[in-house]
Amino acid sequence: MNDDAPLKESQASDRETLYFEFLADMGFTKHIGGMASTEELIEACYIDEGKYVLDVGCGVGSTPCCLARTYRCHVVGVDITGGMIDRANERAAKEGLQDLVEFRVADARDLPFHDAVFDVVMVESVIALVADKQKAVHELVRAAKPGGYVGLNESTWVKGPPQKTIDFFARALGSNLQILTADGWQELLVEAGLKDVTANAHSITYRSEASNRLKRMGWKEIGRIFYRFFAVALTNPVYKGFMKDALADPRGMMEYVGYGIYAGRKWLARCLPGERAG
């Protein structure tokens, strides 16, 4: 086997799963904008002390632990990858936050919660990877209480991209990936029945991304991630092929892609389409 060859079609067919398993093994959750985007999402969703928050696609638990530590919120984090949940539980235990956070495996398209449970339902860099985005957003809204907030932090086209840039993201992260414009993300929330929807898109640079990542994780955690990268990623033939594809990003990519913060309030007391009474 040629370890340096790109992934075969049979391996690439579940690109999203491989991507999340890779990040879980690294102990790393990636979303554009770093801590700055998370802080803006927290503000857009009016998260403060005592709120009951659902973080969909919680990754290794960084945001739930931040909310619990900073605001003493009770937070439930869900992720489709079991390895992410393992890392999230390890983080909560290390920080002594087990009484405020809990984690479980779940799919954004079929959340294992009754209707109208959470004050805030938030998502960071997940819905772009879901094929049926409207179904997923309806599910987020279903889980929120009337008067509660639903907020997204998602990759956003800030300028019309060339085909090579679109192809790169599909090759690196899977064919389900679909980045939207700010108007596109806003329309999803409005269609799901949210009111007072806000949208705020941001451009990025390599320098700003590096700075935001350092602020979110700190040097110590970044050092651990690099150690895992060299210990695992470079010795695993599947990961090596994945990284070869993923790192071959087209020049000037960040001219076109940024991130956006989108949030709205669930005003309706009646059930939304597909919502279960209870």
# chains A, B, ... in the order shown; residues from 1 in each chain; ligands from 1
>>> select_by_dssp(residues="segment 122-170 of chain A", states="helix (DSSP H, G or I)", output="JSON, numbers by chain")
{"A": [127, 128, 129, 133, 134, 135, 136, 137, 138, 139, 140, 141, 142, 143, 163, 164, 165, 166, 167, 168, 169, 170]}
>>> residues_around(residues="Leu188 of chain A", least_positions_apart="2", cutoff="8 Å", atoms="only C-alpha atoms", output="PDB file with C-alpha atoms, in the first residue's frame")
ATOM      1  CA  LYS A 133     -29.996  21.558   6.588  1.00  0.00           C
ATOM      2  CA  GLN A 134     -33.606  22.650   6.936  1.00  0.00           C
ATOM      3  CA  VAL A 137     -32.558  23.536  11.875  1.00  0.00           C
ATOM      4  CA  GLY A 184     -28.768  31.586   2.928  1.00  0.00           C
ATOM      5  CA  TRP A 185     -28.124  30.872   6.604  1.00  0.00           C
ATOM      6  CA  GLN A 186     -30.538  33.595   7.676  1.00  0.00           C
ATOM      7  CA  VAL A 190     -36.582  32.281   9.250  1.00  0.00           C
ATOM      8  CA  GLU A 191     -38.050  29.260   7.454  1.00  0.00           C
ATOM      9  CA  ALA A 192     -37.830  27.286  10.714  1.00  0.00           C
TER      10      ALA A 192
END
>>> select_by_dssp(residues="segment 55-207 of chain A", states="strand (DSSP E or B)", output="PyMOL selection string")
chain A and resi 55-56+74-79+101-105+107+110+118-124+144-157+180-181+195-202
>>> write_last_selection(atoms="C-alpha atoms", output="PDB file, in the first residue's frame")
ATOM      1  CA  ASP A  55     -24.584  22.551  22.272  1.00  0.00           C
ATOM      2  CA  VAL A  56     -25.124  20.449  19.135  1.00  0.00           C
ATOM      3  CA  HIS A  74     -26.088  23.802  32.858  1.00  0.00           C
ATOM      4  CA  VAL A  75     -25.015  22.523  29.439  1.00  0.00           C
ATOM      5  CA  VAL A  76     -25.775  19.376  27.480  1.00  0.00           C
ATOM      6  CA  GLY A  77     -23.360  18.663  24.649  1.00  0.00           C
ATOM      7  CA  VAL A  78     -24.100  16.184  21.882  1.00  0.00           C
ATOM      8  CA  ASP A  79     -21.918  14.957  19.060  1.00  0.00           C
ATOM      9  CA  VAL A 101     -22.175  19.543  31.940  1.00  0.00           C
ATOM     10  CA  GLU A 102     -23.189  16.245  30.412  1.00  0.00           C
ATOM     11  CA  PHE A 103     -22.389  14.716  27.059  1.00  0.00           C
ATOM     12  CA  ARG A 104     -24.010  12.109  24.847  1.00  0.00           C
ATOM     13  CA  VAL A 105     -23.827  10.779  21.305  1.00  0.00           C
ATOM     14  CA  ASP A 107     -27.417  13.287  15.572  1.00  0.00           C
ATOM     15  CA  ASP A 110     -32.820  13.555  15.398  1.00  0.00           C
ATOM     16  CA  PHE A 118     -33.653  24.332  26.404  1.00  0.00           C
ATOM     17  CA  ASP A 119     -33.290  28.077  26.903  1.00  0.00           C
ATOM     18  CA  VAL A 120     -30.643  28.120  24.161  1.00  0.00           C
ATOM     19  CA  VAL A 121     -29.750  25.690  21.395  1.00  0.00           C
ATOM     20  CA  MET A 122     -26.431  26.509  19.754  1.00  0.00           C
ATOM     21  CA  VAL A 123     -24.339  24.985  16.982  1.00  0.00           C
ATOM     22  CA  GLU A 124     -20.794  25.668  15.808  1.00  0.00           C
ATOM     23  CA  ALA A 144     -35.800  25.201  22.233  1.00  0.00           C
ATOM     24  CA  LYS A 145     -38.347  26.678  24.629  1.00  0.00           C
ATOM     25  CA  PRO A 146     -40.765  29.335  23.336  1.00  0.00           C
ATOM     26  CA  GLY A 147     -38.911  32.592  23.920  1.00  0.00           C
ATOM     27  CA  GLY A 148     -35.575  30.781  23.786  1.00  0.00           C
ATOM     28  CA  TYR A 149     -32.789  31.341  21.273  1.00  0.00           C
ATOM     29  CA  VAL A 150     -31.308  29.228  18.516  1.00  0.00           C
ATOM     30  CA  GLY A 151     -27.896  30.287  17.239  1.00  0.00           C
ATOM     31  CA  LEU A 152     -25.461  29.117  14.583  1.00  0.00           C
ATOM     32  CA  ASN A 153     -21.779  29.789  14.045  1.00  0.00           C
ATOM     33  CA  GLU A 154     -21.160  28.507  10.526  1.00  0.00           C
ATOM     34  CA  SER A 155     -18.701  28.787   7.656  1.00  0.00           C
ATOM     35  CA  THR A 156     -19.965  31.423   5.240  1.00  0.00           C
ATOM     36  CA  TRP A 157     -19.159  32.528   1.718  1.00  0.00           C
ATOM     37  CA  LEU A 180     -23.965  29.109   2.407  1.00  0.00           C
ATOM     38  CA  THR A 181     -23.967  32.868   2.096  1.00  0.00           C
ATOM     39  CA  LYS A 195     -38.237  35.671  14.765  1.00  0.00           C
ATOM     40  CA  ASP A 196     -35.887  38.658  15.056  1.00  0.00           C
ATOM     41  CA  VAL A 197     -33.191  36.733  13.178  1.00  0.00           C
ATOM     42  CA  THR A 198     -29.803  38.443  13.104  1.00  0.00           C
ATOM     43  CA  ALA A 199     -26.901  37.737  10.748  1.00  0.00           C
ATOM     44  CA  ASN A 200     -23.322  38.940  11.012  1.00  0.00           C
ATOM     45  CA  ALA A 201     -20.693  37.605   8.582  1.00  0.00           C
ATOM     46  CA  HIS A 202     -16.932  38.037   9.024  1.00  0.00           C
TER      47      HIS A 202
END
>>> closest_residue(among="A:Ile261, A:Met254, A:Val117, A:Leu67", to="Ile204 of chain A", atoms="only C-alpha atoms")
A:Met254
>>> closest_residue(among="A:Gln163, A:Thr81, A:Ala263, A:Asp115", to="Ala182 of chain A", atoms="only C-alpha atoms")
A:Ala263
>>> closest_residue(among="A:Arg109, A:Ala36, A:Lys220, A:Val158", to="Lys135 of chain A", atoms="only C-alpha atoms")
A:Arg109
>>> closest_residue(among="A:Ala88, A:Ala108, A:Val60, A:Val53", to="Glu139 of chain A", atoms="only C-alpha atoms")
A:Ala108
>>> atom_distance(atom1="atom CA of Ala92 of chain A", atom2="atom CA of Thr70 of chain A")
13.5 Å
>>> closest_residue(among="A:His114, A:Lys159, A:His31, A:Arg69", to="Val257 of chain A", atoms="only C-alpha atoms")
A:Lys159
>>> atom_distance(atom1="atom CA of Val126 of chain A", atom2="atom CA of Gly57 of chain A")
6.1 Å
>>> residues_around(residues="Ala131 of chain A", least_positions_apart="4", cutoff="8 Å", atoms="only C-alpha atoms", output="JSON, numbers by chain")
{"A": [176, 177, 178]}
>>> write_last_selection(atoms="C-alpha atoms", output="mmCIF file, in the first residue's frame")
data_model
loop_
_atom_site.group_PDB
_atom_site.id
_atom_site.type_symbol
_atom_site.label_atom_id
_atom_site.label_comp_id
_atom_site.auth_asym_id
_atom_site.auth_seq_id
_atom_site.Cartn_x
_atom_site.Cartn_y
_atom_site.Cartn_z
ATOM 1 C CA ASN A 176 -22.407 16.778 2.011
ATOM 2 C CA LEU A 177 -20.527 19.964 2.836
ATOM 3 C CA GLN A 178 -22.377 23.006 1.597
#
>>> closest_residue(among="A:Pro162, A:Ser37, A:Ala68, A:Ser62", to="Glu49 of chain A", atoms="only C-alpha atoms")
A:Ala68
